[in-house]
$ cat coords_4.txt   # compact mmCIF, C-alpha atoms and all ligand atoms
# COMPACT_ATOMS: atom_id res chain seq x y z
CA MET I 1 81.06 93.22 111.66
CA GLU I 2 83.44 93.47 108.75
CA TRP I 3 87.24 93.62 108.63
CA ILE I 4 89.19 94.89 105.61
CA HIS I 5 92.73 93.65 105.08
CA HIS I 6 95.31 96.43 105.15
CA SER I 7 97.13 95.23 102.01
CA LEU I 8 95.42 92.17 100.49
CA PRO I 9 92.15 92.32 98.50
CA TYR I 10 90.06 90.43 101.05
CA THR I 11 87.47 91.09 103.74
CA ILE I 12 86.30 89.05 106.71
CA SER I 13 82.66 89.22 107.74
CA ASP I 14 80.63 87.59 110.52
CA ARG I 15 77.33 88.10 108.68
CA MET I 16 75.63 84.72 108.30
CA GLU I 17 73.74 85.78 105.18
CA GLN I 18 77.01 86.27 103.30
CA LEU I 19 78.12 82.66 103.76
CA GLN I 20 78.21 80.53 100.61
CA PRO I 21 77.09 77.14 101.95
CA ASP I 22 77.87 75.07 98.84
CA VAL I 23 81.48 76.23 98.88
CA ILE I 24 81.97 75.66 102.60
CA VAL I 25 80.24 72.27 102.63
CA GLY I 26 82.53 71.18 99.77
CA TRP I 27 85.63 72.20 101.72
CA LEU I 28 84.50 70.58 104.95
CA GLN I 29 83.50 67.33 103.27
CA SER I 30 87.01 67.20 101.78
CA SER I 31 88.71 67.92 105.12
CA TYR I 32 90.33 65.35 107.41
CA TRP I 33 88.03 66.20 110.32
CA ALA I 34 84.56 66.70 108.79
CA ALA I 35 84.50 64.35 105.79
CA GLU I 36 81.70 62.27 107.33
CA ARG I 37 79.42 65.22 108.19
CA SER I 38 76.29 65.47 106.08
CA GLU I 39 75.31 68.81 104.57
CA ASP I 40 72.39 68.95 107.00
CA THR I 41 74.70 68.46 110.00
CA ILE I 42 77.09 71.11 108.72
CA LEU I 43 74.29 73.65 108.24
CA ARG I 44 72.80 72.87 111.68
CA SER I 45 76.24 73.30 113.28
CA TRP I 46 76.21 76.95 112.20
CA GLN I 47 72.95 77.85 113.93
CA ASP I 48 74.45 78.50 117.37
CA SER I 49 77.93 79.42 116.14
CA LEU I 50 79.61 82.69 115.30
CA CYS I 51 80.59 82.04 111.68
CA PHE I 52 83.23 84.06 109.86
CA GLY I 53 83.70 84.16 106.10
CA VAL I 54 86.70 85.46 104.18
CA TYR I 55 85.81 86.97 100.81
CA SER I 56 87.76 88.22 97.80
CA THR I 57 86.88 91.66 96.48
CA ALA I 58 85.06 89.82 93.67
CA GLY I 59 82.77 88.34 96.35
CA LEU I 60 84.13 84.78 96.24
CA GLN I 61 84.21 82.93 99.54
CA VAL I 62 87.84 81.98 100.15
CA GLY I 63 87.85 81.08 103.85
CA PHE I 64 85.71 80.06 106.80
CA MET I 65 85.89 79.47 110.53
CA ARG I 66 83.33 79.18 113.29
CA VAL I 67 83.36 79.64 117.03
CA LEU I 68 81.07 78.52 119.82
CA THR I 69 81.28 80.85 122.77
CA ASP I 70 79.53 81.74 126.01
CA GLY I 71 80.89 85.26 125.55
CA ALA I 72 82.42 85.28 129.04
CA THR I 73 84.63 82.29 129.86
CA PHE I 74 84.90 79.74 127.07
CA SER I 75 85.11 79.53 123.27
CA TRP I 76 85.66 76.59 120.94
CA LEU I 77 87.20 77.35 117.55
CA CYS I 78 86.60 74.91 114.71
CA ASP I 79 86.31 74.36 110.95
CA VAL I 80 89.16 76.74 110.11
CA ILE I 81 89.78 76.50 106.39
CA VAL I 82 91.17 78.57 103.52
CA ASP I 83 90.54 77.68 99.89
CA PRO I 84 93.65 75.92 98.52
CA GLY I 85 94.08 78.57 95.81
CA HIS I 86 94.31 81.35 98.40
CA ARG I 87 96.60 79.74 100.98
CA GLY I 88 100.09 80.86 101.92
CA GLN I 89 99.51 84.62 101.77
CA GLY I 90 98.55 85.29 105.36
CA LEU I 91 94.79 84.76 105.39
CA GLY I 92 94.92 82.07 108.09
CA LYS I 93 96.99 84.35 110.31
CA TRP I 94 94.65 87.27 109.66
CA MET I 95 91.68 85.11 110.63
CA MET I 96 93.39 84.29 113.94
CA ALA I 97 94.19 87.96 114.55
CA VAL I 98 90.54 88.87 113.99
CA LEU I 99 89.37 86.01 116.18
CA VAL I 100 91.53 86.75 119.22
CA ASP I 101 90.55 90.46 119.13
CA HIS I 102 86.83 89.86 118.62
CA PRO I 103 84.82 91.60 121.38
CA ARG I 104 82.77 88.48 122.22
CA ILE I 105 85.79 86.20 122.26
CA CYS I 106 88.83 88.17 123.44
CA HIS I 107 88.00 87.74 127.16
CA THR I 108 87.47 83.97 126.90
CA SER I 109 89.78 80.96 126.87
CA ILE I 110 89.74 79.65 123.30
CA TYR I 111 90.05 75.89 122.74
CA LEU I 112 90.56 73.98 119.51
CA GLY I 113 91.79 70.67 118.16
CA THR I 114 94.25 70.31 115.30
CA ARG I 115 96.22 67.51 113.66
CA ASP I 116 99.12 69.53 112.33
CA ALA I 117 98.48 73.29 112.40
CA HIS I 118 99.82 73.89 115.93
CA GLY I 119 102.39 76.31 114.52
CA LEU I 120 99.69 78.60 113.16
CA TYR I 121 97.80 78.79 116.45
CA GLU I 122 100.93 79.12 118.58
CA LYS I 123 101.61 82.42 116.83
CA TYR I 124 98.40 83.73 118.48
CA GLY I 125 99.04 82.54 122.00
CA PHE I 126 97.57 79.04 121.92
CA VAL I 127 99.43 76.43 123.97
CA ARG I 128 99.16 72.65 123.90
CA GLN I 129 97.01 71.11 126.62
CA GLU I 130 95.50 67.69 127.17
CA MET I 131 91.70 67.51 126.79
CA MET I 132 89.00 64.90 127.33
CA VAL I 133 86.12 64.26 124.97
CA ARG I 134 82.90 62.23 125.08
CA ARG I 135 81.73 61.21 121.63
CA PRO I 136 78.06 60.45 120.91
CA ALA I 137 76.95 56.85 120.49
CA ARG I 138 76.56 55.99 116.79
C1 LIG Y 201 95.66 75.99 108.06
C2 LIG Y 201 95.20 77.02 107.04
C3 LIG Y 201 93.86 77.59 107.47
C4 LIG Y 201 96.23 78.15 107.00
O1 LIG Y 201 95.77 79.14 106.10
P1 LIG Y 201 96.78 80.01 105.21
O2 LIG Y 201 96.07 81.20 104.71
O3 LIG Y 201 97.43 79.16 104.20
O4 LIG Y 201 97.86 80.42 106.33
P2 LIG Y 201 98.88 81.63 106.35
O5 LIG Y 201 99.31 81.99 104.95
O6 LIG Y 201 98.31 82.73 107.16
O7 LIG Y 201 100.14 81.00 107.11
C5 LIG Y 201 100.00 80.09 108.14
C6 LIG Y 201 101.23 80.12 109.04
O8 LIG Y 201 101.09 79.04 109.97
C7 LIG Y 201 102.12 78.08 109.71
N1 LIG Y 201 101.55 76.71 109.83
C8 LIG Y 201 101.86 75.86 110.79
N2 LIG Y 201 101.20 74.70 110.61
C9 LIG Y 201 100.47 74.84 109.48
C10 LIG Y 201 99.59 73.98 108.78
N3 LIG Y 201 99.34 72.71 109.17
N4 LIG Y 201 98.99 74.43 107.67
C11 LIG Y 201 99.22 75.70 107.24
N5 LIG Y 201 100.08 76.57 107.87
C12 LIG Y 201 100.69 76.13 108.98
C13 LIG Y 201 102.65 78.39 108.31
O9 LIG Y 201 103.97 77.95 108.19
C14 LIG Y 201 102.53 79.91 108.30
O10 LIG Y 201 103.54 80.47 109.08
P3 LIG Y 201 104.62 81.54 108.47
O11 LIG Y 201 103.83 82.71 108.01
O12 LIG Y 201 105.52 81.83 109.62
O13 LIG Y 201 105.27 80.84 107.34
C15 LIG Y 201 95.12 76.43 105.60
O14 LIG Y 201 96.38 75.89 105.26
C16 LIG Y 201 94.06 75.36 105.45
O15 LIG Y 201 92.90 75.66 105.20
N6 LIG Y 201 94.47 74.08 105.59
C17 LIG Y 201 93.55 72.96 105.43
C18 LIG Y 201 92.56 72.90 106.55
C19 LIG Y 201 93.21 72.86 107.89
O16 LIG Y 201 94.14 72.10 108.14
N7 LIG Y 201 92.68 73.69 108.79
C20 LIG Y 201 93.13 73.77 110.17
C21 LIG Y 201 92.42 72.75 110.96
S1 LIG Y 201 92.82 72.91 112.69
$ encode --input "coords_4.txt" --output "structure tokens"
Amino acid sequence: MEWIHHSLPYTISDRMEQLQPDVIVGWLQSSYWAAERSEDTILRSWQDSLCFGVYSTAGLQVGFMRVLTDGATFSWLCDVIVDPGHRGQGLGKWMMAVLVDHPRICHTSIYLGTRDAHGLYEKYGFVRQEMMVRRPAR
């Protein structure tokens, strides 16, 4: 599927073949949550995910997010990122609007973890809730 922004020169697509792995791996390895992930781990993490790219009209990748979902009850949103040069103009909010309306996701509870972007997600109906996690042995 593809979404065209009503006023900004960007599109969102969920086509895997459009993703620009070098760009996304660079962002994730500079992020606070995925800095230790190898490129191989990052690429494998996409295989069972719904991945969304944001693209400029010139075809540059400017944003990314991915979702794991069972399509019925549960989704996990992660790796939400917008290129620093394209932040602050509404792309993050547009990504959330697309996500919460997506036909495979809109009927599920969507979970995520964030250090400081609660305010973004709260605009789209997310509420804070305690979670448990089991991390793999190193
Ligand atoms: C978070 C991020 C995706 C937002 O993208 P963006 O395109 O700049 O966001 P938008 O322009 O749509 O605006 C985001 C809105 O959420 C709010 N917000 C709340 N917490 C925020 C945060 N930590 N970072 C950015 N925006 C935040 C902003 O104030 C803004 O609200 P406003 O329109 O009422 O002013 C982007 O800043 C980013 O990639 N940050 C680094 C990676 C990251 O932290 N990802 C989220 C991990 S959970």
$ closest_residue --input "coords_4.txt" --among "I:His5, I:Arg128, I:Lys123, I:Arg44" --to "ligand LIG 201 (chain Y)" --atoms "only C-alpha atoms and all ligand atoms"
I:Lys123
$ residues_around --input "coords_4.txt" --residues "Ala58 (chain I)" --least-positions-apart "4" --cutoff "12 Å" --atoms "only C-alpha atoms" --output "MDAnalysis selection string"
chainID I and resid 9:11 54 62
$ residues_around --input "coords_4.txt" --residues "region 107-114 of chain I" --least-positions-apart "3" --cutoff "6 Å" --atoms "only C-alpha atoms" --output "PyMOL selection string"
chain I and resi 72-77+117
$ residues_around --input "coords_4.txt" --residues "Trp33 (chain I)" --least-positions-apart "4" --cutoff "9 Å" --atoms "all atoms listed in the file" --output "list in words"
Leu28, Gln29, Arg37, Asp79, Thr114 and Arg115 of chain I
$ atom_distance --input "coords_4.txt" --atom1 "CA of Val82 (chain I)" --atom2 "atom O4 of ligand LIG 201 (chain Y)"
7.5 Å
$ residues_near_ligand --input "coords_4.txt" --ligand "ligand LIG 201 (chain Y)" --cutoff "9 Å" --atoms "all atoms listed in the file" --output "number ranges by chain"
I: 27-28, 31-33, 63-65, 77-84, 86-96, 112-123
$ closest_residue --input "coords_4.txt" --among "I:Val100, I:Asp22, I:Glu36, I:Ile12" --to "Phe126 (chain I)" --atoms "only C-alpha atoms"
I:Val100
$ atom_distance --input "coords_4.txt" --atom1 "CA of Arg134 (chain I)" --atom2 "CA of Ala35 (chain I)"
19.5 Å
$ closest_residue --input "coords_4.txt" --among "I:Arg66, I:Arg15, I:Arg135, I:Arg104" --to "Glu2 (chain I)" --atoms "all atoms listed in the file"
I:Arg15
